[in-house]
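Heads up: the structure comes next, in structure tokens.
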Amino acid sequence: AYQFDLLWLLAGAPDQVLGREQIHQRLRALRGEPAGEFDPAVDRSIDVHLSKVRAALAAAHPAGAGLIRTLRGVGYMLVPVGAAKDHDA
């Protein structure tokens, strides 16, 4: 369920870079959880969940693995299928 929520969150903001803290806070709101302070230990759990989402996307479609981009030090973004090749250039 967490991974679906994570994909849903990214899909709702295509081509928008979301940092880990933004992802964490938005997921809490999406899931109806009270807002809380961002715990840096959550950083790695978001990475792990994103890797699982990437694996599921890759299993579902050949281009799936490249749909979630990592911008080092900035965050993550979902790239629409038609635009994925443009972002690779």
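By convention here, the chains of the structure tokens are called A, B, ... in the order presented, each chain's residues are numbered starting at 1, and ligands are numbered starting at 1 in the order presented.
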
Could you please write out, as a ChimeraX atom specification, every residue of chain A that DSSP assigns to strand (DSSP E)?
/A:68-71,75-78

Could the residues in this selection be saved with all heavy atoms as a PDB file, in the first residue's frame?
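Just written: out_6.pdb:
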ATOM      1  N   ILE A  68      10.936   6.745 -13.155  1.00  0.00           N
ATOM      2  CA  ILE A  68      11.234   7.519 -11.945  1.00  0.00           C
ATOM      3  C   ILE A  68      12.692   7.947 -12.009  1.00  0.00           C
ATOM      4  O   ILE A  68      13.591   7.122 -12.083  1.00  0.00           O
ATOM      5  CB  ILE A  68      10.962   6.714 -10.663  1.00  0.00           C
ATOM      6  CG1 ILE A  68       9.484   6.352 -10.577  1.00  0.00           C
ATOM      7  CG2 ILE A  68      11.398   7.518  -9.429  1.00  0.00           C
ATOM      8  CD1 ILE A  68       9.134   5.468  -9.396  1.00  0.00           C
ATOM      9  N   ARG A  69      12.898   9.234 -11.994  1.00  0.00           N
ATOM     10  CA  ARG A  69      14.248   9.797 -12.063  1.00  0.00           C
ATOM     11  C   ARG A  69      14.719  10.217 -10.677  1.00  0.00           C
ATOM     12  O   ARG A  69      13.948  10.741  -9.885  1.00  0.00           O
ATOM     13  CB  ARG A  69      14.274  11.035 -12.961  1.00  0.00           C
ATOM     14  CG  ARG A  69      13.858  10.785 -14.352  1.00  0.00           C
ATOM     15  CD  ARG A  69      15.014  10.170 -15.117  1.00  0.00           C
ATOM     16  NE  ARG A  69      14.612  10.053 -16.505  1.00  0.00           N
ATOM     17  CZ  ARG A  69      14.718   8.936 -17.187  1.00  0.00           C
ATOM     18  NH1 ARG A  69      15.216   7.865 -16.642  1.00  0.00           N
ATOM     19  NH2 ARG A  69      14.331   8.889 -18.435  1.00  0.00           N
ATOM     20  N   THR A  70      16.001  10.020 -10.452  1.00  0.00           N
ATOM     21  CA  THR A  70      16.637  10.498  -9.232  1.00  0.00           C
ATOM     22  C   THR A  70      17.517  11.676  -9.608  1.00  0.00           C
ATOM     23  O   THR A  70      18.339  11.577 -10.512  1.00  0.00           O
ATOM     24  CB  THR A  70      17.524   9.401  -8.604  1.00  0.00           C
ATOM     25  OG1 THR A  70      16.719   8.267  -8.305  1.00  0.00           O
ATOM     26  CG2 THR A  70      18.203   9.910  -7.341  1.00  0.00           C
ATOM     27  N   LEU A  71      17.313  12.782  -8.935  1.00  0.00           N
ATOM     28  CA  LEU A  71      18.178  13.940  -9.112  1.00  0.00           C
ATOM     29  C   LEU A  71      18.988  14.048  -7.829  1.00  0.00           C
ATOM     30  O   LEU A  71      18.468  14.475  -6.790  1.00  0.00           O
ATOM     31  CB  LEU A  71      17.352  15.210  -9.369  1.00  0.00           C
ATOM     32  CG  LEU A  71      16.764  15.276 -10.779  1.00  0.00           C
ATOM     33  CD1 LEU A  71      15.502  14.464 -10.871  1.00  0.00           C
ATOM     34  CD2 LEU A  71      16.533  16.693 -11.168  1.00  0.00           C
ATOM     35  N   GLY A  75      16.031  15.269  -5.299  1.00  0.00           N
ATOM     36  CA  GLY A  75      14.839  14.471  -5.053  1.00  0.00           C
ATOM     37  C   GLY A  75      14.522  13.542  -6.203  1.00  0.00           C
ATOM     38  O   GLY A  75      15.415  13.112  -6.935  1.00  0.00           O
ATOM     39  N   TYR A  76      13.233  13.261  -6.357  1.00  0.00           N
ATOM     40  CA  TYR A  76      12.761  12.302  -7.348  1.00  0.00           C
ATOM     41  C   TYR A  76      11.650  12.926  -8.167  1.00  0.00           C
ATOM     42  O   TYR A  76      10.957  13.829  -7.713  1.00  0.00           O
ATOM     43  CB  TYR A  76      12.197  11.054  -6.655  1.00  0.00           C
ATOM     44  CG  TYR A  76      13.195  10.351  -5.795  1.00  0.00           C
ATOM     45  CD1 TYR A  76      13.293  10.632  -4.438  1.00  0.00           C
ATOM     46  CD2 TYR A  76      14.060   9.414  -6.331  1.00  0.00           C
ATOM     47  CE1 TYR A  76      14.217   9.987  -3.639  1.00  0.00           C
ATOM     48  CE2 TYR A  76      14.992   8.761  -5.541  1.00  0.00           C
ATOM     49  CZ  TYR A  76      15.062   9.048  -4.193  1.00  0.00           C
ATOM     50  OH  TYR A  76      15.973   8.415  -3.415  1.00  0.00           O
ATOM     51  N   MET A  77      11.476  12.391  -9.375  1.00  0.00           N
ATOM     52  CA  MET A  77      10.370  12.845 -10.208  1.00  0.00           C
ATOM     53  C   MET A  77       9.914  11.705 -11.096  1.00  0.00           C
ATOM     54  O   MET A  77      10.692  10.812 -11.433  1.00  0.00           O
ATOM     55  CB  MET A  77      10.770  14.043 -11.061  1.00  0.00           C
ATOM     56  CG  MET A  77      11.856  13.767 -12.077  1.00  0.00           C
ATOM     57  SD  MET A  77      12.441  15.235 -12.949  1.00  0.00           S
ATOM     58  CE  MET A  77      11.154  15.468 -14.120  1.00  0.00           C
ATOM     59  N   LEU A  78       8.640  11.736 -11.456  1.00  0.00           N
ATOM     60  CA  LEU A  78       8.079  10.784 -12.402  1.00  0.00           C
ATOM     61  C   LEU A  78       8.069  11.443 -13.766  1.00  0.00           C
ATOM     62  O   LEU A  78       7.601  12.579 -13.910  1.00  0.00           O
ATOM     63  CB  LEU A  78       6.657  10.395 -11.997  1.00  0.00           C
ATOM     64  CG  LEU A  78       6.002   9.341 -12.881  1.00  0.00           C
ATOM     65  CD1 LEU A  78       6.588   7.968 -12.563  1.00  0.00           C
ATOM     66  CD2 LEU A  78       4.510   9.318 -12.674  1.00  0.00           C
TER      67      LEU A  78
END

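Near stretch 46-62 of chain A, within 8 Å and counting only C-alpha atoms, sit Tyr2, Gln3, Phe4, Leu6, Leu7, Arg20, His24, Leu67 and Ile68 of chain A, not including residues fewer than 5 positions from it in the same chain.
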
List the neighbours of stretch 27-36 of chain A out to 10 Å using only C-alpha atoms; skip same-chain residues closer than 2 positions along the sequence, and give me the result as an MDAnalysis selection string.
chainID A and resid 1:2 5:6 8:9 21:25 38:39

Determine, counting only C-alpha atoms, which protein, DNA and RNA residues have an atom within 10 Å of an atom of A:Val81; residues of the same chain fewer than 5 positions away are not included. Present the result as a list in words.
Ala63, Gly64, Gly66, Leu67 and Asp86 of chain A

DSSP on the backbone, then: every residue of stretch 5-50 of chain A marked alpha helix (DSSP H), written as a PyMOL selection string.
chain A and resi 5-11+20-30+42-50

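The interatomic distance for the pair atom CA of A:Gly19 and atom CA of A:Pro80 works out to 18.4 Å.
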
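Going from atom CA of A:Leu18 over to atom CA of A:Pro40, you cover 15.5 Å.
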
Give the answer as one residue: which of A:Arg26, A:Ala13, A:Glu37, A:Asp43 has the shortest atom-to-atom distance to A:Gly73, using only C-alpha atoms?
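Answer, going by the shortest atom-to-atom distance: A:Asp43.
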